[in-house]
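Shown next, in structure tokens, is the structure this report addresses.
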Amino acid sequence: MNASRSIQNPALRWTQPGQYWDQQRNEIQSSNVPTQSFASPTSRSVTTAIAELAPFNQSAPSNGRRGDEENLVRLARPDSNGSLQAMGAVTRAVSAELISDRPIEYTTSMVESARRSETHFRQMAESAPRAAAEVALQNAEFAKQWAELATDYIELADRVRTAKTKLSATQQDYDDVNAKIEKYGLTPTIGILLRHKKEQLDRWQAKDSQTGWVREALQRSRESQLDLELVRHDGTHPLDQAVAVLNDNGLDASKPEQQVLFGQVQQLLSDRGHWLTALWTGHRNYQDKLTEIDAVTSASVQLTKNYRTLINRHVIWIRSGDPIGWDSIRKLSSGLASLFNSNRGSEFGFALQQKVGINTASGVVVLVATVVLLVIRWRAKSLLIGIGSKTRLRESTKSTRKLVASGLTVLVAMIVPGVLLSFASWLSSGYVSESLLQASSGLYACSLIALMVELPRQLLRDHGLVDKHLGVELPQRQRASQYLMIVGTGLVLSAYVVTVTGLIDQGMWRESVSRIGLMLTLMLVAWTFHRALQPGTGILDPIVETFGGAIVQRIRLVIYLLIIASPLAIAFLSAIGYGFTAQEIILRFAVTFSVGLIAAILWPAAKILSAHAWRVLTGASLPQRKFDEYGEIEPTHEIDLSGGLYLDLKHQIAFLCQCGLVVAGVVLVGMLWIDVFPNLRMGNPVVWTVTDTVTQPSMDASGQTMMQATVKETPVTLVHCLFAAVTLFVAFQVAKLLPALFDALVLQRVSFDEGMEHFSLVLGRCLLFGVGCLISLNWLGVRWQTVQWLAVGLTIGLGFGLQDMVRNVFGGLIVLFEKPAGLGDLITVGRITGRVAKQHLRTTVLTDDDGRENIIPNKKFVTDDVVNWMGAGRLTVIPIEVAVTKDERPADICRTLQEFAVAQDDILMLPAPQATLVCISKVSQRIEIRVWIEESTTAVGFRNNLLKRVRKYLSDINMLADEQPEQPVMRDLAKDPASFPKSGRRSGAA
């Protein structure tokens, strides 16, 4: 290839070959290498010429490891017109320069050129001396690696382009179908189109999963990059490394006879530097492309999931086939034969082997998890059977044994379906094929049917929940358990066969084996329901009579007929061509039945746990267990474990919880069955639409992530309004129960005064109702951005129009936080005196001796004088004064006297006794002691007695002074409120 020929890559700029070799000659001259050994390759008469065999389109890494050029790489390709000269060198080379400021596009011509370079390197190694031959062979290996890497990159780029094209087409198709459904509704034509799209999506998933090798390829590429870093002579300094190569071979690079070999080795090392740079950059580009295809695949998976959800929502009532006829029966034999076709088994085995080979760790995890789950099932089953033989459980209460039996029953019943579900999930994730997806769908169906069978079977087993813990006698229990074991196995196998035959060969035998097998299975299910629920003679008839209640007993026959008619109706739908509809109804029925039965089994356990939690929260003790000669006596009525204080509160909370569970159950059932009955959506009309501005990350043309604001419309339906009303109702009820809850859960453990208790209740009610209002507004679509200006306007209007009310509210906050007066205190606010009866956020209620209630606005506590008499009128304050020596500090003496006063009888702990320093003289210091007693006690006699005890105590510890002061005045404050004592008044001797 000569310089006049062009290439496809526009990023290459060709230079004259003579200029490149002149530059190489100058570099050799500057390194003291004789120039006669490097003649221009344009001359045919040279005896020795060295070609630079470097790769295409490669730039040095950012760290500058390879070479001295930063953004420009010189490339060379061998010319096919050249002839081999002495030592097997290539006579001519063409160089090119590449600007590496954009992604590299690899072409097949580059790969072919790299292959030719590999061949020339190997030819050179055959006739070159040992030192040059070793370097040439290594260069040939690097050229080979680059060619293989470029080939892989080209194939990967084709896959990325194909994946992007399919993703774009699928997104456009999804948008078009969604727009047609919104505009025209679900027409038969659109329904058939969606039905075919569902099958197409399964095939796309199988093709998209072929990118499961991305993780392994990325790991291998990174390992190869690390190997490049370990190359000893990497061409970064060709001159020094050429000397090292010759020295390793026992040659002296400074001798004249080794100059030709030295120049050849130096040129080969320089070429190696380019090839290593090319490999390093190629691996980086390859890794970027792997990341790109992984991102495209993830987006395709998410889009496929959304598309499948759209299809399942709208194709349930679209006919999937023709009504049953003789043609379906004629296909039955060929359909059964297809199940045992060896080709299908070999396809499944090959696909399974490929899946395990791609991700062996996931397969090992599934197998280990299966073994662990089976061991747990065996252990749980042993515990369930041996509850009566375990010492701790045998000595525990019946409720505890029932609790353990309920949990173990559900655990044992869920493990086998869980194992099937884990295998199905593993088969449908990662690398998949059509055969793996078919097997996965069959295992999903098996897991669901197995759960339906295992739950009642574990309930009816020997030593199970019904046998030992419910107290209900079932005469045919053992026979029913054996029947479920046999019939359940057949139902599970039938679920797999029906599901798989409905998927293979694009439905060629779907109208034969799948439909007839489904109809026979549903008839068997109807017969099983008949045996279990037949009024009077059914296996479960005693349980229905015991736990059904009056309402169930009255409509028992209707429930029986509905349950029996359900599988027969589904079979009829399949017979008239609605096979897909029948499968979707079976799926939802199985989920509803399983979840309902699990809830029924765990309901007694939930009641027992809630009762235990209530005892722990309220601090109540366990009821005393009573025994007779036949064992423990069960209470015949509910026992109030809290001594009658919280029984009503407990019932109210239980009622709210039951209402919440019922609402949650209705919502879940509605979400599960809403697609089966699409007309129900018409009963949920859109009331209004809310427009929100949402900030989402997006990527611009340069690949930079930027935040972009988009407008999103959210419909507010009638159900949202209902949820808002329910939220407000719950918030109101919880706020109403808050005082009793606070008393039961907090005041039993923490000591609060009355004011703090009242403040906590007011604050808690405000917070609960405020949170309920916020949640309700969110349901209704009311956003802060919508009402913020209205809130500002209301705030300004309230500030001017309701100034007094706002002042009262802030005054109430001050009263509640600062607590200038507590409940029961005798206070004077302005000219009104009375005891604090109630404290609200806006007002405070004072009661006087005549029973009148004075409503005081809370702003009076801020603007007027407030006097708190600390219980005056109910309590009597006893003031005494004593003189003590100056030997001790006043603070120590006051603390000692306070401790002495606290230890005396009839002195109240609250208000606490006080001891304060009055004055200090030359020989003594005077201390005033004030204590409070009940009003019924004789004040004068009590003070005289207390004074004697205080003086005796001080005399015993040698702290009493010789001269004692007069005692302060003590009046009857309850009869003479006008003569409230003032600080510092004294009269009369003691």
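If you're wondering about the labels, chains in the structure tokens are A, B, ... by order shown, residues count from 1 in each chain, ligands from 1 in order shown.
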Worksheet item: Can you list, as a ChimeraX atom specification, every protein, DNA or RNA residue that comes within 12 Å of A:Ala445 when you count only C-alpha atoms, leaving out same-chain residues fewer than 3 positions away?
Response: /A:417-418,420-421,423-425,438-442,448-452,491-500,583-584,586-588,590-591
For the residues in the current selection, export C-alpha atoms as an mmCIF file, in the first residue's frame.
```
data_model
loop_
_atom_site.group_PDB
_atom_site.id
_atom_site.type_symbol
_atom_site.label_atom_id
_atom_site.label_comp_id
_atom_site.auth_asym_id
_atom_site.auth_seq_id
_atom_site.Cartn_x
_atom_site.Cartn_y
_atom_site.Cartn_z
ATOM 1 C CA PRO A 417 -42.651 -23.418 46.447
ATOM 2 C CA GLY A 418 -39.804 -21.083 47.326
ATOM 3 C CA LEU A 420 -39.259 -23.795 42.642
ATOM 4 C CA LEU A 421 -39.574 -20.020 42.525
ATOM 5 C CA PHE A 423 -35.067 -21.906 40.090
ATOM 6 C CA ALA A 424 -37.650 -20.146 37.898
ATOM 7 C CA SER A 425 -36.178 -16.744 38.717
ATOM 8 C CA GLN A 438 -40.492 -21.822 28.732
ATOM 9 C CA ALA A 439 -39.116 -23.889 31.593
ATOM 10 C CA SER A 440 -39.053 -20.797 33.805
ATOM 11 C CA SER A 441 -42.724 -20.065 33.097
ATOM 12 C CA GLY A 442 -43.590 -23.663 33.919
ATOM 13 C CA LEU A 448 -47.849 -21.080 42.777
ATOM 14 C CA ILE A 449 -49.882 -24.293 42.622
ATOM 15 C CA ALA A 450 -47.505 -25.974 45.077
ATOM 16 C CA LEU A 451 -48.126 -23.164 47.570
ATOM 17 C CA MET A 452 -51.891 -23.603 47.195
ATOM 18 C CA LEU A 491 -51.828 -30.504 39.998
ATOM 19 C CA VAL A 492 -48.208 -29.303 40.145
ATOM 20 C CA LEU A 493 -47.171 -31.516 37.221
ATOM 21 C CA SER A 494 -50.263 -30.472 35.293
ATOM 22 C CA ALA A 495 -49.421 -26.802 35.846
ATOM 23 C CA TYR A 496 -45.977 -27.338 34.318
ATOM 24 C CA VAL A 497 -47.284 -29.311 31.322
ATOM 25 C CA VAL A 498 -50.113 -26.900 30.589
ATOM 26 C CA THR A 499 -47.852 -23.846 30.815
ATOM 27 C CA VAL A 500 -45.033 -25.252 28.679
ATOM 28 C CA GLN A 583 -54.543 -18.185 32.754
ATOM 29 C CA GLU A 584 -54.561 -14.639 34.103
ATOM 30 C CA ILE A 586 -56.002 -18.532 37.607
ATOM 31 C CA LEU A 587 -52.861 -16.587 38.464
ATOM 32 C CA ARG A 588 -54.765 -13.979 40.440
ATOM 33 C CA ALA A 590 -53.970 -18.575 43.222
ATOM 34 C CA VAL A 591 -52.279 -15.497 44.671
#
```
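Atom pair atom CA of A:Gln967 / atom CA of A:Ser955: separated by 18.3 Å.
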Item to complete: For stretch 292-307 of chain A, list every protein, DNA or RNA residue within 6 Å, evaluated using only C-alpha atoms, and leave out those in the same chain fewer than 3 positions away; present the list as a PyMOL selection string.
Response: chain A and resi 160+167+289+310
Worksheet item: Leaving out A:Phe589 and any residue of its chain fewer than 5 positions from it, which residues lie within 10 Å of it when counting only C-alpha atoms, given as a PyMOL selection string?
Response: chain A and resi 566-567+583-584+594-595+672-673
Mind dumping the selected residues with N, CA and C atoms as a short mmCIF file (atom, residue, chain, number, x, y, z; two decimals), in the first residue's frame?
```cif
data_model
loop_
_atom_site.label_atom_id
_atom_site.label_comp_id
_atom_site.auth_asym_id
_atom_site.auth_seq_id
_atom_site.Cartn_x
_atom_site.Cartn_y
_atom_site.Cartn_z
N SER A 566 -66.36 -21.27 40.30
CA SER A 566 -65.22 -20.49 39.80
C SER A 566 -64.33 -21.29 38.86
N PRO A 567 -63.80 -22.47 39.25
CA PRO A 567 -62.96 -23.22 38.30
C PRO A 567 -63.73 -23.69 37.07
N GLN A 583 -55.82 -18.10 32.05
CA GLN A 583 -54.54 -18.18 32.75
C GLN A 583 -54.34 -17.01 33.70
N GLU A 584 -54.72 -15.82 33.25
CA GLU A 584 -54.56 -14.64 34.10
C GLU A 584 -55.48 -14.71 35.33
N SER A 594 -53.74 -18.05 48.26
CA SER A 594 -52.55 -18.31 49.09
C SER A 594 -52.35 -17.23 50.14
N VAL A 595 -52.46 -15.97 49.72
CA VAL A 595 -52.26 -14.88 50.68
C VAL A 595 -53.36 -14.88 51.73
N LEU A 672 -54.77 -6.24 42.51
CA LEU A 672 -54.53 -7.52 41.86
C LEU A 672 -55.57 -7.83 40.79
N TRP A 673 -56.83 -7.44 41.03
CA TRP A 673 -57.92 -7.84 40.14
C TRP A 673 -58.42 -6.70 39.25
#
```
Discussion item. As JSON, numbers by chain, please: the residues near A:Glu888 (cut-off 12 Å, only C-alpha atoms, same-chain neighbours under 4 positions excluded).
Written reply: {"A": [884, 892, 893, 894, 895, 896, 924, 925, 957, 958, 959, 960]}
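Within 9 Å of A:Gly772, once only C-alpha atoms are used and residues closer than 6 positions along the same chain are dropped, the contacting residues are Ala724, Thr727, Leu728, Phe729, Val730, Ala731 and Phe732 of chain A.
Between A:Ala143 and the candidates A:Leu279, A:Ile653, A:Leu156, A:Ala179, the tightest atom-to-atom separation, counting only C-alpha atoms, involves A:Leu279.
With atom CA of A:Val669 on one side and atom CA of A:Ala550 on the other, the separation reads 24.2 Å.
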Discussion item. I want to know what sits within 12 Å of A:Cys657, based on only C-alpha atoms, with residues of the same chain fewer than 6 positions away left out; could you give that as number ranges by chain?
Written reply: A: 606-607, 610, 650-651, 663-664, 730, 733-734
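Taking only C-alpha atoms into account, A:Leu276 lies nearest to A:Trp146 out of the set A:Trp146, A:Gln172, A:Ile324, A:Glu216.
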Item to complete: Could you tell me how far atom CA of A:Glu182 lies from atom CA of A:Gly321, in Å and to one decimal?
Response: 25.6 Å
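Proximity ranking of A:Thr885, A:Gln458, A:Gln123, A:Asn854 relative to A:Arg926 places A:Thr885 first, based on only C-alpha atoms.
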